[in-house]
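Student: Quick one, my_file.txt (compact mmCIF, C-alpha atoms):
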```
# COMPACT_ATOMS: atom_id res chain seq x y z
CA MET A 1 -13.78 -4.61 19.02
CA ILE A 2 -15.22 -3.08 15.84
CA GLN A 3 -18.62 -4.46 14.88
CA ASP A 4 -20.80 -2.09 12.91
CA LEU A 5 -22.94 -2.48 9.81
CA ASN A 6 -21.81 0.88 8.44
CA LEU A 7 -18.17 -0.18 8.22
CA GLU A 8 -18.08 -3.15 5.85
CA LEU A 9 -14.43 -3.55 4.89
CA VAL A 10 -10.95 -2.30 5.78
CA ILE A 11 -8.53 -2.29 2.83
CA PHE A 12 -4.81 -2.19 3.66
CA ASP A 13 -1.92 -1.23 1.47
CA CYS A 14 0.95 -3.68 1.95
CA ASP A 15 4.43 -2.09 1.76
CA GLY A 16 4.92 0.51 4.45
CA VAL A 17 1.53 -0.19 6.04
CA LEU A 18 1.60 -3.88 6.97
CA VAL A 19 5.24 -4.76 6.29
CA ASP A 20 8.43 -2.73 6.66
CA SER A 21 9.71 -3.43 3.15
CA GLU A 22 9.98 0.01 1.59
CA SER A 23 13.60 0.68 2.56
CA ALA A 24 14.85 -2.43 0.74
CA SER A 25 12.65 -1.78 -2.29
CA ASN A 26 13.69 1.85 -2.49
CA ARG A 27 17.40 1.01 -2.20
CA VAL A 28 17.23 -1.42 -5.12
CA PHE A 29 15.18 1.04 -7.17
CA VAL A 30 17.69 3.87 -6.64
CA GLU A 31 20.62 1.60 -7.56
CA GLU A 32 18.91 0.50 -10.76
CA LEU A 33 17.97 4.06 -11.73
CA ARG A 34 21.53 5.21 -11.22
CA GLY A 35 22.60 2.37 -13.49
CA LEU A 36 20.44 3.94 -16.18
CA GLY A 37 22.08 7.30 -15.64
CA LEU A 38 19.40 8.89 -13.44
CA ASP A 39 21.15 10.30 -10.37
CA ILE A 40 18.40 10.34 -7.76
CA GLU A 41 18.54 10.38 -3.96
CA SER A 42 16.60 7.89 -1.85
CA GLU A 43 14.31 10.53 -0.35
CA GLU A 44 13.35 11.88 -3.75
CA ALA A 45 12.75 8.38 -5.11
CA SER A 46 10.54 7.57 -2.16
CA ARG A 47 8.56 10.77 -2.58
CA ARG A 48 8.06 10.37 -6.33
CA PHE A 49 7.49 6.64 -6.68
CA THR A 50 6.06 5.22 -3.43
CA GLY A 51 2.55 3.92 -3.92
CA LEU A 52 2.73 3.71 -7.71
CA SER A 53 2.49 0.55 -9.78
CA MET A 54 5.56 -0.70 -11.62
CA THR A 55 3.92 0.32 -14.90
CA SER A 56 3.46 3.88 -13.68
CA CYS A 57 7.02 3.99 -12.33
CA MET A 58 8.42 2.86 -15.68
CA GLU A 59 6.40 5.52 -17.50
CA ILE A 60 7.90 8.23 -15.28
CA VAL A 61 11.42 6.82 -15.65
CA SER A 62 11.05 6.68 -19.44
CA GLU A 63 9.93 10.29 -19.47
CA GLN A 64 12.94 11.32 -17.41
CA LEU A 65 15.31 9.34 -19.63
CA GLY A 66 13.76 10.60 -22.83
CA ARG A 67 13.63 7.03 -24.08
CA ALA A 68 12.12 3.67 -23.19
CA VAL A 69 13.69 1.75 -20.34
CA PRO A 70 15.86 -1.18 -21.51
CA GLU A 71 14.09 -4.46 -22.15
CA GLY A 72 14.00 -6.59 -19.03
CA PHE A 73 14.74 -3.66 -16.71
CA ALA A 74 11.50 -3.88 -14.71
CA GLU A 75 11.77 -7.66 -14.35
CA ARG A 76 15.40 -7.42 -13.17
CA MET A 77 14.39 -4.84 -10.59
CA ARG A 78 11.55 -7.06 -9.37
CA SER A 79 13.92 -10.00 -8.99
CA ARG A 80 16.55 -7.95 -7.17
CA THR A 81 13.91 -6.51 -4.83
CA LEU A 82 12.55 -9.93 -3.89
CA ALA A 83 16.09 -11.22 -3.34
CA ALA A 84 16.96 -8.24 -1.11
CA ILE A 85 13.85 -8.83 0.98
CA ARG A 86 14.59 -12.55 1.36
CA GLU A 87 18.21 -11.92 2.30
CA GLY A 88 17.58 -9.03 4.68
CA GLY A 89 14.57 -10.45 6.47
CA LEU A 90 11.46 -8.49 7.21
CA ASP A 91 9.32 -7.34 10.11
CA PRO A 92 5.71 -6.25 10.25
CA ILE A 93 5.13 -2.56 10.87
CA GLU A 94 5.20 -2.02 14.61
CA GLY A 95 1.79 -2.62 16.19
CA VAL A 96 0.25 -4.33 13.14
CA PRO A 97 -0.29 -7.84 14.61
CA GLU A 98 -1.97 -6.40 17.70
CA MET A 99 -4.03 -3.99 15.61
CA LEU A 100 -5.32 -6.73 13.32
CA CYS A 101 -6.50 -8.76 16.30
CA ARG A 102 -8.81 -5.90 17.29
CA ILE A 103 -10.59 -5.47 13.96
CA ASP A 104 -13.67 -7.63 13.52
CA VAL A 105 -14.87 -6.44 10.13
CA PRO A 106 -13.53 -8.07 6.94
CA ILE A 107 -10.04 -7.02 5.86
CA CYS A 108 -8.04 -7.33 2.64
CA VAL A 109 -4.90 -6.02 0.93
CA ALA A 110 -4.79 -3.81 -2.18
CA SER A 111 -1.19 -3.23 -3.28
CA SER A 112 0.65 -1.72 -6.20
CA GLY A 113 3.01 -4.71 -5.91
CA GLU A 114 2.59 -8.05 -7.62
CA HIS A 115 1.03 -11.07 -5.91
CA GLU A 116 4.44 -12.77 -5.66
CA LYS A 117 5.81 -9.89 -3.64
CA MET A 118 2.76 -9.72 -1.37
CA ARG A 119 2.94 -13.43 -0.65
CA LEU A 120 6.65 -13.15 0.13
CA THR A 121 6.45 -10.13 2.43
CA LEU A 122 3.28 -11.20 4.24
CA GLY A 123 4.67 -14.71 4.58
CA LEU A 124 7.98 -13.54 6.07
CA THR A 125 6.14 -11.43 8.64
CA GLY A 126 3.59 -14.08 9.64
CA LEU A 127 0.66 -12.13 8.22
CA LEU A 128 -0.14 -14.18 5.12
CA GLU A 129 -2.73 -16.39 6.81
CA ARG A 130 -4.76 -13.33 7.80
CA PHE A 131 -5.05 -12.21 4.17
CA GLU A 132 -5.02 -15.47 2.24
CA GLY A 133 -7.46 -15.25 -0.66
CA ARG A 134 -8.02 -11.54 -0.03
CA MET A 135 -5.07 -9.93 -1.79
CA PHE A 136 -5.51 -7.66 -4.80
CA SER A 137 -2.77 -6.26 -7.04
CA ALA A 138 -2.55 -3.32 -9.42
CA THR A 139 -1.58 -5.89 -12.05
CA GLU A 140 -5.27 -6.92 -12.10
CA VAL A 141 -6.66 -3.55 -13.16
CA PRO A 142 -6.15 -1.19 -16.12
CA ARG A 143 -4.90 1.69 -13.94
CA GLY A 144 -3.04 1.64 -10.65
CA LYS A 145 -3.03 4.22 -7.88
CA PRO A 146 -3.83 7.16 -7.83
CA HIS A 147 -6.79 5.89 -9.89
CA PRO A 148 -9.64 4.16 -8.02
CA ASP A 149 -9.62 0.92 -10.06
CA LEU A 150 -7.76 -1.26 -7.56
CA PHE A 151 -9.84 -0.22 -4.57
CA LEU A 152 -13.09 -0.69 -6.49
CA LEU A 153 -11.92 -4.17 -7.51
CA ALA A 154 -11.21 -5.04 -3.87
CA ALA A 155 -14.61 -3.78 -2.74
CA ARG A 156 -16.41 -5.66 -5.50
CA ARG A 157 -14.61 -8.94 -4.79
CA MET A 158 -15.25 -8.54 -1.07
CA ASN A 159 -18.95 -7.68 -1.60
CA ALA A 160 -18.64 -4.28 0.06
CA ARG A 161 -20.01 -0.90 -0.93
CA PRO A 162 -17.28 1.68 -1.62
CA ALA A 163 -18.96 4.03 0.88
CA GLY A 164 -18.62 1.30 3.51
CA CYS A 165 -14.87 0.88 2.99
CA ALA A 166 -11.96 2.36 4.90
CA VAL A 167 -8.53 2.34 3.24
CA VAL A 168 -5.23 2.46 5.15
CA GLU A 169 -2.41 3.95 3.08
CA ASP A 170 1.01 5.54 3.54
CA SER A 171 1.31 7.26 0.16
CA VAL A 172 -0.36 10.20 -1.54
CA PRO A 173 -1.23 8.16 -4.68
CA GLY A 174 -2.93 5.59 -2.45
CA VAL A 175 -4.92 8.20 -0.57
CA LEU A 176 -5.99 9.87 -3.81
CA GLY A 177 -7.07 6.52 -5.24
CA ALA A 178 -9.12 5.71 -2.15
CA ARG A 179 -10.81 9.08 -2.21
CA ALA A 180 -11.54 8.76 -5.93
CA ALA A 181 -13.21 5.42 -5.15
CA GLY A 182 -15.52 7.12 -2.66
CA MET A 183 -13.86 5.52 0.36
CA THR A 184 -12.58 6.94 3.64
CA ALA A 185 -8.78 7.16 3.64
CA PHE A 186 -6.55 6.81 6.69
CA GLY A 187 -2.95 7.93 6.23
CA TYR A 188 -0.27 6.15 8.26
CA ALA A 189 2.69 8.43 8.91
CA SER A 190 5.32 6.60 10.93
CA GLY A 191 7.15 9.79 11.90
CA ASP A 192 5.86 13.22 12.86
CA GLY A 193 4.93 14.14 9.28
CA GLY A 194 1.78 13.36 7.39
CA GLY A 195 1.03 16.80 5.99
CA GLU A 196 0.97 15.60 2.39
CA LEU A 197 -1.32 12.69 3.32
CA ALA A 198 -3.68 15.08 5.09
CA SER A 199 -3.68 17.46 2.13
CA ALA A 200 -4.62 14.54 -0.12
CA GLY A 201 -7.66 13.89 2.06
CA ALA A 202 -6.51 11.31 4.61
CA ARG A 203 -7.22 11.08 8.31
CA VAL A 204 -3.61 10.91 9.50
CA PHE A 205 -2.39 8.75 12.38
CA HIS A 206 1.07 7.75 13.60
CA ASP A 207 0.68 4.53 15.60
CA MET A 208 -0.93 1.35 14.26
CA THR A 209 -2.39 0.55 17.65
CA GLU A 210 -4.53 3.71 17.28
CA LEU A 211 -6.27 2.43 14.15
CA PRO A 212 -9.00 0.25 15.73
CA ASP A 213 -10.23 3.22 17.79
CA LEU A 214 -10.14 5.48 14.73
CA LEU A 215 -12.18 2.94 12.78
CA GLY A 216 -14.59 2.72 15.69
CA ARG A 217 -15.12 6.47 15.55
CA LEU A 218 -15.73 6.24 11.82
CA ALA A 219 -18.36 3.59 12.42
CA ALA A 220 -19.97 5.77 15.07
CA GLU A 221 -20.09 8.67 12.61
CA GLY A 222 -21.95 6.44 10.20
CA LYS A 223 -24.66 5.77 12.80
CA ARG A 224 -25.51 9.40 13.29
CA PRO A 225 -28.80 10.56 11.77
```
The structure given in the file should be rewritten as structure tokens.
Tutor:
Amino acid sequence: MIQDLNLELVIFDCDGVLVDSESASNRVFVEELRGLGLDIESEEASRRFTGLSMTSCMEIVSEQLGRAVPEGFAERMRSRTLAAIREGGLDPIEGVPEMLCRIDVPICVASSGEHEKMRLTLGLTGLLERFEGRMFSATEVPRGKPHPDLFLLAARRMNARPAGCAVVEDSVPGVLGARAAGMTAFGYASGDGGGELASAGARVFHDMTELPDLLGRLAAEGKRP
């Protein structure tokens, strides 16, 4: 169990960290971009857009198009993404339920996605009750990841010092945002990779069941004189 005054809060990203929803979201995104005339592969889309808010994604897409995205494009993509998740079902990331049972400090979610999407994905995976009332979206702040605004909002609402927060992310923008907020970043890499997360300043790990021990070590570091 993790019980230490130096570790005040663990902030989780949602997609790709708690719930396995990124494949469905990325598929819809790629299909919609191709409909606009942007021929992009799934891997490239994942690399360029994962972790960013919808606003930031639309700014990048507009730049690539050389014009504004059509009116209603972002909303149509949101609707299609939610429908794909509902139809395809969803699982938590492997090891997440067991991991959450071993963390005894406060936890919350800080996601680039909207509240509707968080409630859907966490609800489908049986995790919503654990985070009810402790979910924060990039739609609530002026700037999304890689800026620190969202993480600072979460810390403030949860009455935690930024220096006492650990953030669990799977994207470079998320890691950069956590670091800019003055928080310790853990980078979840489901495969054997993680080099980009490490370069961004994250402590990389590959198995969610490892996280409680990693957090315990962080707490122990905070106790050292």
Student: Rank A:Val172, A:Leu36, A:Met54, A:Val28 by their smallest atom-to-atom distance to A:Gly195, using only C-alpha atoms, and report the top residue only.
Tutor: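 Using only C-alpha atoms, A:Gly195 sits closest to A:Val172.
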Student: From the list A:Arg80, A:Lys117, A:Arg143, A:His206, which residue is nearest A:Val17 when using all atoms listed in the file?
Tutor: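 Looking at the shortest contact to A:Val17, the residue is A:His206.
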Student: Using only C-alpha atoms, which protein or nucleic acid residues come within 9 Å of A:Ala45? Drop anything in the same chain fewer than 4 positions from it, and give the result as a PyMOL selection string.
Tutor: chain A and resi 26+29-30+40-41+49-50
Student: Can you tell me how far atom CA of A:Leu153 sits from atom CA of A:Ser137, in Å to one decimal?
Tutor: 9.4 Å
Student: May I ask which of the residues A:Ser53, A:Ser42, A:Thr125, A:Ser21 is the closest one to A:Val96, counting all atoms listed in the file?
Tutor: A:Thr125
Student: Which one of A:Ala181, A:Ala83, A:Leu38, A:Ala154 sits closest to A:Pro106 if you count only C-alpha atoms?
Tutor: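 Of all the options, A:Ala154 lies closest to A:Pro106.
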Student: Could you tell me how far atom CA of A:Glu94 sits from atom CA of A:His115, in Å to one decimal place?
Tutor: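 Interatomic distance, atom CA of A:His115 to atom CA of A:Glu94: 22.8 Å.
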Student: Compile the contact shell of A:Gly126 as a ChimeraX atom specification: residues with an atom at most 10 Å away, counting all atoms listed in the file, same-chain residues fewer than 6 positions apart removed.
Tutor: /A:90-92,97
